Amino acid sequence: MDRGKHPITADLLDIYNRLLAAFGPQHWWPSESRLEMIVGAILTQNTAWKNVEKALFALKSNNVLSPESLYKMPQSELAFIIRSSGFFNVKALRLKAWIAFLFDAYDGSLDKMFSVSGGSLREQLLTIKGLGPETVDSILLYAGQYPYFVVDAYTRRIFSRHNLLDSKSPYQTVQNYFMERLPADVQLYNEYHALIVRLAKQFCKTTAECEKCPLNYLFLSNGQNSC
DNA sequence: GACCAGGCACATC
DNA sequence: GATGTGCATGGT
């Protein structure tokens with residue numbers, strides 16, 4: 001790897017094309033319905049997807065993965081069913097907060113909720129306790145098909161360690177960085193985020209993996225020897 | 001047995 | 001405004 005070159009600006013589309021060439025389409029979000037995507041987005045907060053899958057399976061097995069069931073079910077029962085996803089008490093509370101919003105504002109209808117403009121819906125969802133910017137943008141992009149770039153810990157780590165971003169940048173700054181440099185395209189944002197996650201999981205844990213990173217034309221900074 | 005995982009809210013300084 | 005902590009399971 002050539003660590004002598006310091007790109008001052010990066011072509012985010014070029015990075016995207018390298019990732020896509022290396023990994024191919026990732027087919028996100030891995031869910032069968034919009035409701036499952038939204039529930040999954042909340043359950044996966046700081047949690048491995050494998051554990052979320054178990055919780056989603058449990059919800060389906062108990063036949064309660066519907067807006068009506070989630071709305072009626074006692075929070076304690078919901079917490080028990082989703083326990084494999086960790087933080088089950090707070091997550092049950094967060095699911096309940098969102099489903100209450102869905103019924104209060106949109107009669108329990110996802111079609112109605114997703115009929116409003118992205119900016120308006122984003123603002124509304126962010127007022128719900130437990131739904132932060134990443135969860136909300138995941139819901140907007142993957143379930144609602146609105147063009148909002150999803151920023152996660154991997155995005156921050158990889159792009160800051162390649163000196164393209166400041167690791168301390170707030171969420172909105174990072175999102176703006178991408179959205180100002182890329183066309184507002186749902187499919188592009190969908191695939192880009194998924195590819196970043198794929199890259200991080202496969203190449204960013206050890207130095208040996210890092211050396212084979214498809215982005216190795218960039219350089220690492222801050223004394224880090226991997227992403 | 002540590003350490004981490006597709007965050008977020010809240011307390012404290 | 002920055003930094004620290006609780007929340008909890010399951011995989012490596």
# chains A, B, ... in the order shown; residues from 1 in each chain; ligands from 1
>>> residues_around(residues="segment 84-88 of chain A", least_positions_apart="5", cutoff="7 Å", atoms="only C-alpha atoms (C1' of nucleotides)", output="PDB file with N, CA and C atoms (P, O5', C5', C4', C3', O3' and C1' of nucleotides), in the first residue's frame")
ATOM      1  N   LEU A  43     -34.221  -3.032  16.352  1.00  0.00           N
ATOM      2  CA  LEU A  43     -33.583  -4.135  17.086  1.00  0.00           C
ATOM      3  C   LEU A  43     -32.080  -4.212  16.846  1.00  0.00           C
ATOM      4  N   THR A  47     -26.142  -3.929  17.859  1.00  0.00           N
ATOM      5  CA  THR A  47     -26.370  -5.370  18.010  1.00  0.00           C
ATOM      6  C   THR A  47     -26.068  -6.082  16.693  1.00  0.00           C
ATOM      7  N   ASN A  51     -28.319 -11.799  15.879  1.00  0.00           N
ATOM      8  CA  ASN A  51     -29.194 -11.816  17.052  1.00  0.00           C
ATOM      9  C   ASN A  51     -30.546 -11.188  16.742  1.00  0.00           C
ATOM     10  N   VAL A  52     -30.540 -10.221  15.837  1.00  0.00           N
ATOM     11  CA  VAL A  52     -31.795  -9.590  15.418  1.00  0.00           C
ATOM     12  C   VAL A  52     -32.652 -10.589  14.647  1.00  0.00           C
ATOM     13  N   LYS A  54     -32.853 -13.724  15.010  1.00  0.00           N
ATOM     14  CA  LYS A  54     -33.521 -14.633  15.955  1.00  0.00           C
ATOM     15  C   LYS A  54     -34.766 -13.978  16.540  1.00  0.00           C
ATOM     16  N   ALA A  55     -34.644 -12.707  16.877  1.00  0.00           N
ATOM     17  CA  ALA A  55     -35.777 -11.993  17.465  1.00  0.00           C
ATOM     18  C   ALA A  55     -36.903 -11.838  16.440  1.00  0.00           C
ATOM     19  N   ALA A  79     -40.917  -7.599  25.124  1.00  0.00           N
ATOM     20  CA  ALA A  79     -39.521  -7.659  25.563  1.00  0.00           C
ATOM     21  C   ALA A  79     -39.036  -9.103  25.648  1.00  0.00           C
TER      22      ALA A  79
ATOM     23  P    DC C   7     -28.554  -0.992  33.656  1.00  0.00           P
ATOM     24  O5'  DC C   7     -29.078  -1.352  32.199  1.00  0.00           O
ATOM     25  C5'  DC C   7     -30.178  -0.632  31.651  1.00  0.00           C
ATOM     26  C4'  DC C   7     -30.260  -0.930  30.187  1.00  0.00           C
ATOM     27  C3'  DC C   7     -30.207  -2.429  29.831  1.00  0.00           C
ATOM     28  O3'  DC C   7     -31.325  -2.738  29.051  1.00  0.00           O
ATOM     29  C1'  DC C   7     -28.854  -1.164  28.402  1.00  0.00           C
ATOM     30  P    DA C   8     -32.080  -4.012  29.232  1.00  0.00           P
ATOM     31  O5'  DA C   8     -31.003  -5.047  28.662  1.00  0.00           O
ATOM     32  C5'  DA C   8     -30.453  -6.078  29.430  1.00  0.00           C
ATOM     33  C4'  DA C   8     -30.129  -7.210  28.500  1.00  0.00           C
ATOM     34  C3'  DA C   8     -29.376  -8.376  29.136  1.00  0.00           C
ATOM     35  O3'  DA C   8     -29.737  -9.533  28.399  1.00  0.00           O
ATOM     36  C1'  DA C   8     -28.021  -7.428  27.498  1.00  0.00           C
ATOM     37  P    DT C   9     -29.501 -11.008  28.950  1.00  0.00           P
ATOM     38  O5'  DT C   9     -29.503 -11.859  27.608  1.00  0.00           O
ATOM     39  C5'  DT C   9     -30.465 -11.576  26.592  1.00  0.00           C
ATOM     40  C4'  DT C   9     -29.806 -11.716  25.238  1.00  0.00           C
ATOM     41  C3'  DT C   9     -29.070 -13.042  25.062  1.00  0.00           C
ATOM     42  O3'  DT C   9     -29.706 -13.767  24.016  1.00  0.00           O
ATOM     43  C1'  DT C   9     -27.733 -11.199  24.331  1.00  0.00           C
TER      44       DT C   9
END
>>> interface_residues(of="chain A", to="chain B", cutoff="7 Å", atoms="only C-alpha atoms (C1' of nucleotides)", output="PDB file with N, CA and C atoms, in the first residue's frame")
ATOM      1  N   THR A  44     -31.611  -3.726  15.719  1.00  0.00           N
ATOM      2  CA  THR A  44     -30.193  -3.879  15.407  1.00  0.00           C
ATOM      3  C   THR A  44     -29.315  -2.778  16.000  1.00  0.00           C
ATOM      4  N   GLN A  45     -29.913  -1.890  16.780  1.00  0.00           N
ATOM      5  CA  GLN A  45     -29.108  -0.838  17.407  1.00  0.00           C
ATOM      6  C   GLN A  45     -28.007  -1.449  18.269  1.00  0.00           C
ATOM      7  N   ASN A  46     -26.773  -1.194  17.896  1.00  0.00           N
ATOM      8  CA  ASN A  46     -25.600  -1.711  18.613  1.00  0.00           C
ATOM      9  C   ASN A  46     -25.679  -3.217  18.852  1.00  0.00           C
ATOM     10  N   THR A  47     -26.142  -3.929  17.859  1.00  0.00           N
ATOM     11  CA  THR A  47     -26.370  -5.370  18.010  1.00  0.00           C
ATOM     12  C   THR A  47     -26.068  -6.082  16.693  1.00  0.00           C
ATOM     13  N   ALA A  48     -25.464  -7.264  16.795  1.00  0.00           N
ATOM     14  CA  ALA A  48     -25.167  -8.055  15.607  1.00  0.00           C
ATOM     15  C   ALA A  48     -26.464  -8.511  14.948  1.00  0.00           C
ATOM     16  N   GLY A 130     -35.835   7.087  21.338  1.00  0.00           N
ATOM     17  CA  GLY A 130     -35.239   5.804  20.992  1.00  0.00           C
ATOM     18  C   GLY A 130     -34.947   5.671  19.506  1.00  0.00           C
ATOM     19  N   GLY A 132     -32.950   7.445  16.834  1.00  0.00           N
ATOM     20  CA  GLY A 132     -31.952   8.447  16.507  1.00  0.00           C
ATOM     21  C   GLY A 132     -31.771   8.535  15.005  1.00  0.00           C
ATOM     22  N   ASP A 152     -23.293   5.063   9.700  1.00  0.00           N
ATOM     23  CA  ASP A 152     -23.147   4.236  10.893  1.00  0.00           C
ATOM     24  C   ASP A 152     -21.701   4.286  11.399  1.00  0.00           C
TER      25      ASP A 152
END
>>> select_by_dssp(residues="segment 1-134 of chain A", states="alpha helix (DSSP H)", output="MDAnalysis selection string")
chainID A and resid 12:23 34:43 49:61 67:72 75:81 88:106 110:113 118:126 133:134
>>> atom_distance(atom1="atom CA of Glu180 of chain A", atom2="atom CA of Lys112 of chain A")
29.2 Å
>>> closest_atom_pairs(of="segment 137-165 of chain A", to="segment 204-214 of chain A", cutoff="10 Å", atoms="only C-alpha atoms", output="tab-separated table")
residue	atom	partner	partner_atom	distance
A:Tyr154	CA	A:Cys204	CA	9.2
A:Arg157	CA	A:Cys204	CA	9.4
A:Ile158	CA	A:Cys204	CA	8.0
>>> closest_residue(among="A:Ser61, A:Asn216, A:Thr173, A:Ser117", to="Ile15 of chain A", atoms="only C-alpha atoms")
A:Asn216
>>> closest_residue(among="A:Pro25, A:Pro147, A:Pro170, A:Pro183", to="chain C", atoms="only C-alpha atoms (C1' of nucleotides)")
A:Pro170
>>> atom_distance(atom1="atom CA of Trp28 of chain A", atom2="atom CA of Phe203 of chain A")
19.3 Å
>>> residues_around(residues="segment 30-41 of chain A", least_positions_apart="2", cutoff="10 Å", atoms="only C-alpha atoms (C1' of nucleotides)", output="PDB file with N, CA and C atoms (P, O5', C5', C4', C3', O3' and C1' of nucleotides), in the first residue's frame")
ATOM      1  N   GLN A  26     -25.449  -6.179  -2.549  1.00  0.00           N
ATOM      2  CA  GLN A  26     -25.614  -6.815  -1.241  1.00  0.00           C
ATOM      3  C   GLN A  26     -27.074  -7.154  -0.904  1.00  0.00           C
ATOM      4  N   HIS A  27     -27.979  -6.712  -1.747  1.00  0.00           N
ATOM      5  CA  HIS A  27     -29.405  -7.050  -1.585  1.00  0.00           C
ATOM      6  C   HIS A  27     -29.948  -6.670  -0.223  1.00  0.00           C
ATOM      7  N   TRP A  28     -29.744  -5.419   0.150  1.00  0.00           N
ATOM      8  CA  TRP A  28     -30.311  -4.922   1.407  1.00  0.00           C
ATOM      9  C   TRP A  28     -31.661  -4.279   1.133  1.00  0.00           C
ATOM     10  N   LEU A  43     -34.221  -3.032  16.352  1.00  0.00           N
ATOM     11  CA  LEU A  43     -33.583  -4.135  17.086  1.00  0.00           C
ATOM     12  C   LEU A  43     -32.080  -4.212  16.846  1.00  0.00           C
ATOM     13  N   THR A  44     -31.611  -3.726  15.719  1.00  0.00           N
ATOM     14  CA  THR A  44     -30.193  -3.879  15.407  1.00  0.00           C
ATOM     15  C   THR A  44     -29.315  -2.778  16.000  1.00  0.00           C
ATOM     16  N   GLN A  45     -29.913  -1.890  16.780  1.00  0.00           N
ATOM     17  CA  GLN A  45     -29.108  -0.838  17.407  1.00  0.00           C
ATOM     18  C   GLN A  45     -28.007  -1.449  18.269  1.00  0.00           C
ATOM     19  N   TRP A  49     -26.494  -8.467  13.615  1.00  0.00           N
ATOM     20  CA  TRP A  49     -27.714  -8.781  12.881  1.00  0.00           C
ATOM     21  C   TRP A  49     -28.186 -10.211  13.161  1.00  0.00           C
ATOM     22  N   VAL A  52     -30.540 -10.221  15.837  1.00  0.00           N
ATOM     23  CA  VAL A  52     -31.795  -9.590  15.418  1.00  0.00           C
ATOM     24  C   VAL A  52     -32.652 -10.589  14.647  1.00  0.00           C
ATOM     25  N   GLU A  53     -32.009 -11.381  13.806  1.00  0.00           N
ATOM     26  CA  GLU A  53     -32.736 -12.388  13.026  1.00  0.00           C
ATOM     27  C   GLU A  53     -33.496 -13.342  13.929  1.00  0.00           C
ATOM     28  N   ALA A  55     -34.644 -12.707  16.877  1.00  0.00           N
ATOM     29  CA  ALA A  55     -35.777 -11.993  17.465  1.00  0.00           C
ATOM     30  C   ALA A  55     -36.903 -11.838  16.440  1.00  0.00           C
ATOM     31  N   LEU A  56     -36.546 -11.526  15.192  1.00  0.00           N
ATOM     32  CA  LEU A  56     -37.563 -11.387  14.152  1.00  0.00           C
ATOM     33  C   LEU A  56     -38.266 -12.718  13.912  1.00  0.00           C
ATOM     34  N   LEU A  59     -40.725 -13.258  16.641  1.00  0.00           N
ATOM     35  CA  LEU A  59     -41.936 -12.452  16.445  1.00  0.00           C
ATOM     36  C   LEU A  59     -42.859 -13.123  15.428  1.00  0.00           C
ATOM     37  N   LYS A  60     -42.251 -13.629  14.337  1.00  0.00           N
ATOM     38  CA  LYS A  60     -43.062 -14.312  13.318  1.00  0.00           C
ATOM     39  C   LYS A  60     -43.655 -15.600  13.877  1.00  0.00           C
ATOM     40  N   LEU A  65     -45.937 -10.249  14.292  1.00  0.00           N
ATOM     41  CA  LEU A  65     -45.247  -9.237  13.485  1.00  0.00           C
ATOM     42  C   LEU A  65     -46.260  -8.530  12.587  1.00  0.00           C
ATOM     43  N   SER A  66     -47.160  -7.817  13.218  1.00  0.00           N
ATOM     44  CA  SER A  66     -48.131  -6.980  12.505  1.00  0.00           C
ATOM     45  C   SER A  66     -48.331  -5.727  13.345  1.00  0.00           C
ATOM     46  N   PRO A  67     -48.691  -4.609  12.709  1.00  0.00           N
ATOM     47  CA  PRO A  67     -48.889  -3.380  13.479  1.00  0.00           C
ATOM     48  C   PRO A  67     -49.906  -3.564  14.603  1.00  0.00           C
ATOM     49  N   SER A  85     -32.195 -10.259  20.925  1.00  0.00           N
ATOM     50  CA  SER A  85     -31.528  -9.126  20.271  1.00  0.00           C
ATOM     51  C   SER A  85     -30.833  -8.216  21.282  1.00  0.00           C
ATOM     52  N   LYS A  91     -35.462  -1.785  23.997  1.00  0.00           N
ATOM     53  CA  LYS A  91     -35.936  -1.961  22.624  1.00  0.00           C
ATOM     54  C   LYS A  91     -37.440  -2.181  22.560  1.00  0.00           C
ATOM     55  N   ARG A  94     -38.860   1.165  22.838  1.00  0.00           N
ATOM     56  CA  ARG A  94     -38.698   1.922  21.598  1.00  0.00           C
ATOM     57  C   ARG A  94     -39.660   1.451  20.512  1.00  0.00           C
ATOM     58  N   LEU A  95     -39.848   0.133  20.421  1.00  0.00           N
ATOM     59  CA  LEU A  95     -40.819  -0.388  19.451  1.00  0.00           C
ATOM     60  C   LEU A  95     -42.217   0.113  19.794  1.00  0.00           C
ATOM     61  N   TRP A  98     -42.649   3.745  18.798  1.00  0.00           N
ATOM     62  CA  TRP A  98     -42.880   3.941  17.366  1.00  0.00           C
ATOM     63  C   TRP A  98     -44.276   3.488  16.946  1.00  0.00           C
ATOM     64  N   ILE A  99     -44.696   2.330  17.437  1.00  0.00           N
ATOM     65  CA  ILE A  99     -46.003   1.805  17.022  1.00  0.00           C
ATOM     66  C   ILE A  99     -47.120   2.704  17.534  1.00  0.00           C
ATOM     67  N   LEU A 110     -48.868   1.865   7.418  1.00  0.00           N
ATOM     68  CA  LEU A 110     -47.554   2.190   6.858  1.00  0.00           C
ATOM     69  C   LEU A 110     -47.705   2.960   5.553  1.00  0.00           C
ATOM     70  N   ASP A 111     -48.724   2.613   4.780  1.00  0.00           N
ATOM     71  CA  ASP A 111     -48.969   3.340   3.535  1.00  0.00           C
ATOM     72  C   ASP A 111     -49.183   4.825   3.808  1.00  0.00           C
ATOM     73  N   LEU A 131     -35.479   6.593  18.716  1.00  0.00           N
ATOM     74  CA  LEU A 131     -35.169   6.602  17.291  1.00  0.00           C
ATOM     75  C   LEU A 131     -34.223   7.764  17.002  1.00  0.00           C
ATOM     76  N   GLU A 134     -29.543   7.418  12.788  1.00  0.00           N
ATOM     77  CA  GLU A 134     -29.246   6.242  11.968  1.00  0.00           C
ATOM     78  C   GLU A 134     -30.466   5.349  11.808  1.00  0.00           C
ATOM     79  N   THR A 135     -31.174   5.111  12.891  1.00  0.00           N
ATOM     80  CA  THR A 135     -32.374   4.279  12.835  1.00  0.00           C
ATOM     81  C   THR A 135     -33.408   4.920  11.919  1.00  0.00           C
ATOM     82  N   VAL A 136     -33.604   6.207  12.058  1.00  0.00           N
ATOM     83  CA  VAL A 136     -34.594   6.914  11.244  1.00  0.00           C
ATOM     84  C   VAL A 136     -34.213   6.883   9.762  1.00  0.00           C
ATOM     85  N   ASP A 137     -32.963   7.140   9.466  1.00  0.00           N
ATOM     86  CA  ASP A 137     -32.552   7.134   8.059  1.00  0.00           C
ATOM     87  C   ASP A 137     -32.622   5.732   7.456  1.00  0.00           C
ATOM     88  N   SER A 138     -32.352   4.713   8.261  1.00  0.00           N
ATOM     89  CA  SER A 138     -32.510   3.340   7.780  1.00  0.00           C
ATOM     90  C   SER A 138     -33.962   3.073   7.423  1.00  0.00           C
ATOM     91  N   ILE A 139     -34.862   3.521   8.272  1.00  0.00           N
ATOM     92  CA  ILE A 139     -36.285   3.354   8.010  1.00  0.00           C
ATOM     93  C   ILE A 139     -36.677   4.109   6.737  1.00  0.00           C
ATOM     94  N   LEU A 140     -36.217   5.348   6.632  1.00  0.00           N
ATOM     95  CA  LEU A 140     -36.570   6.168   5.473  1.00  0.00           C
ATOM     96  C   LEU A 140     -36.030   5.567   4.180  1.00  0.00           C
ATOM     97  N   TYR A 142     -34.565   2.361   3.531  1.00  0.00           N
ATOM     98  CA  TYR A 142     -34.824   0.965   3.171  1.00  0.00           C
ATOM     99  C   TYR A 142     -36.304   0.597   3.162  1.00  0.00           C
ATOM    100  N   ALA A 143     -37.070   1.119   4.111  1.00  0.00           N
ATOM    101  CA  ALA A 143     -38.496   0.782   4.125  1.00  0.00           C
ATOM    102  C   ALA A 143     -39.305   1.790   3.308  1.00  0.00           C
ATOM    103  N   GLY A 144     -38.896   3.065   3.350  1.00  0.00           N
ATOM    104  CA  GLY A 144     -39.693   4.105   2.706  1.00  0.00           C
ATOM    105  C   GLY A 144     -39.218   4.524   1.337  1.00  0.00           C
TER     106      GLY A 144
ATOM    107  P    DG B   6     -22.506  -5.607  13.061  1.00  0.00           P
ATOM    108  O5'  DG B   6     -23.107  -4.158  12.722  1.00  0.00           O
ATOM    109  C5'  DG B   6     -23.077  -3.070  13.601  1.00  0.00           C
ATOM    110  C4'  DG B   6     -23.818  -1.894  13.013  1.00  0.00           C
ATOM    111  C3'  DG B   6     -25.139  -1.629  13.717  1.00  0.00           C
ATOM    112  O3'  DG B   6     -25.294  -0.225  13.871  1.00  0.00           O
ATOM    113  C1'  DG B   6     -25.545  -2.127  11.442  1.00  0.00           C
TER     114       DG B   6
END
>>> residues_around(residues="Ser167 of chain A", least_positions_apart="6", cutoff="8 Å", atoms="only C-alpha atoms (C1' of nucleotides)", output="MDAnalysis selection string")
chainID A and resid 156:157 160:161
>>> write_last_selection(atoms="N, CA and C atoms", output="mmCIF file, in the first residue's frame")
data_model
loop_
_atom_site.group_PDB
_atom_site.id
_atom_site.type_symbol
_atom_site.label_atom_id
_atom_site.label_comp_id
_atom_site.auth_asym_id
_atom_site.auth_seq_id
_atom_site.Cartn_x
_atom_site.Cartn_y
_atom_site.Cartn_z
ATOM 1 N N ARG A 156 -18.114 6.066 9.702
ATOM 2 C CA ARG A 156 -17.237 6.996 10.414
ATOM 3 C C ARG A 156 -15.824 6.460 10.497
ATOM 4 N N ARG A 157 -15.709 5.206 10.931
ATOM 5 C CA ARG A 157 -14.388 4.614 11.160
ATOM 6 C C ARG A 157 -13.575 4.564 9.886
ATOM 7 N N SER A 160 -12.913 8.134 8.305
ATOM 8 C CA SER A 160 -12.036 8.993 9.105
ATOM 9 C C SER A 160 -10.618 8.417 9.147
ATOM 10 N N ARG A 161 -10.504 7.103 9.171
ATOM 11 C CA ARG A 161 -9.169 6.511 9.201
ATOM 12 C C ARG A 161 -8.480 6.586 7.848
#
>>> atom_distance(atom1="atom CA of Phe114 of chain A", atom2="atom CA of Gln145 of chain A")
8.9 Å
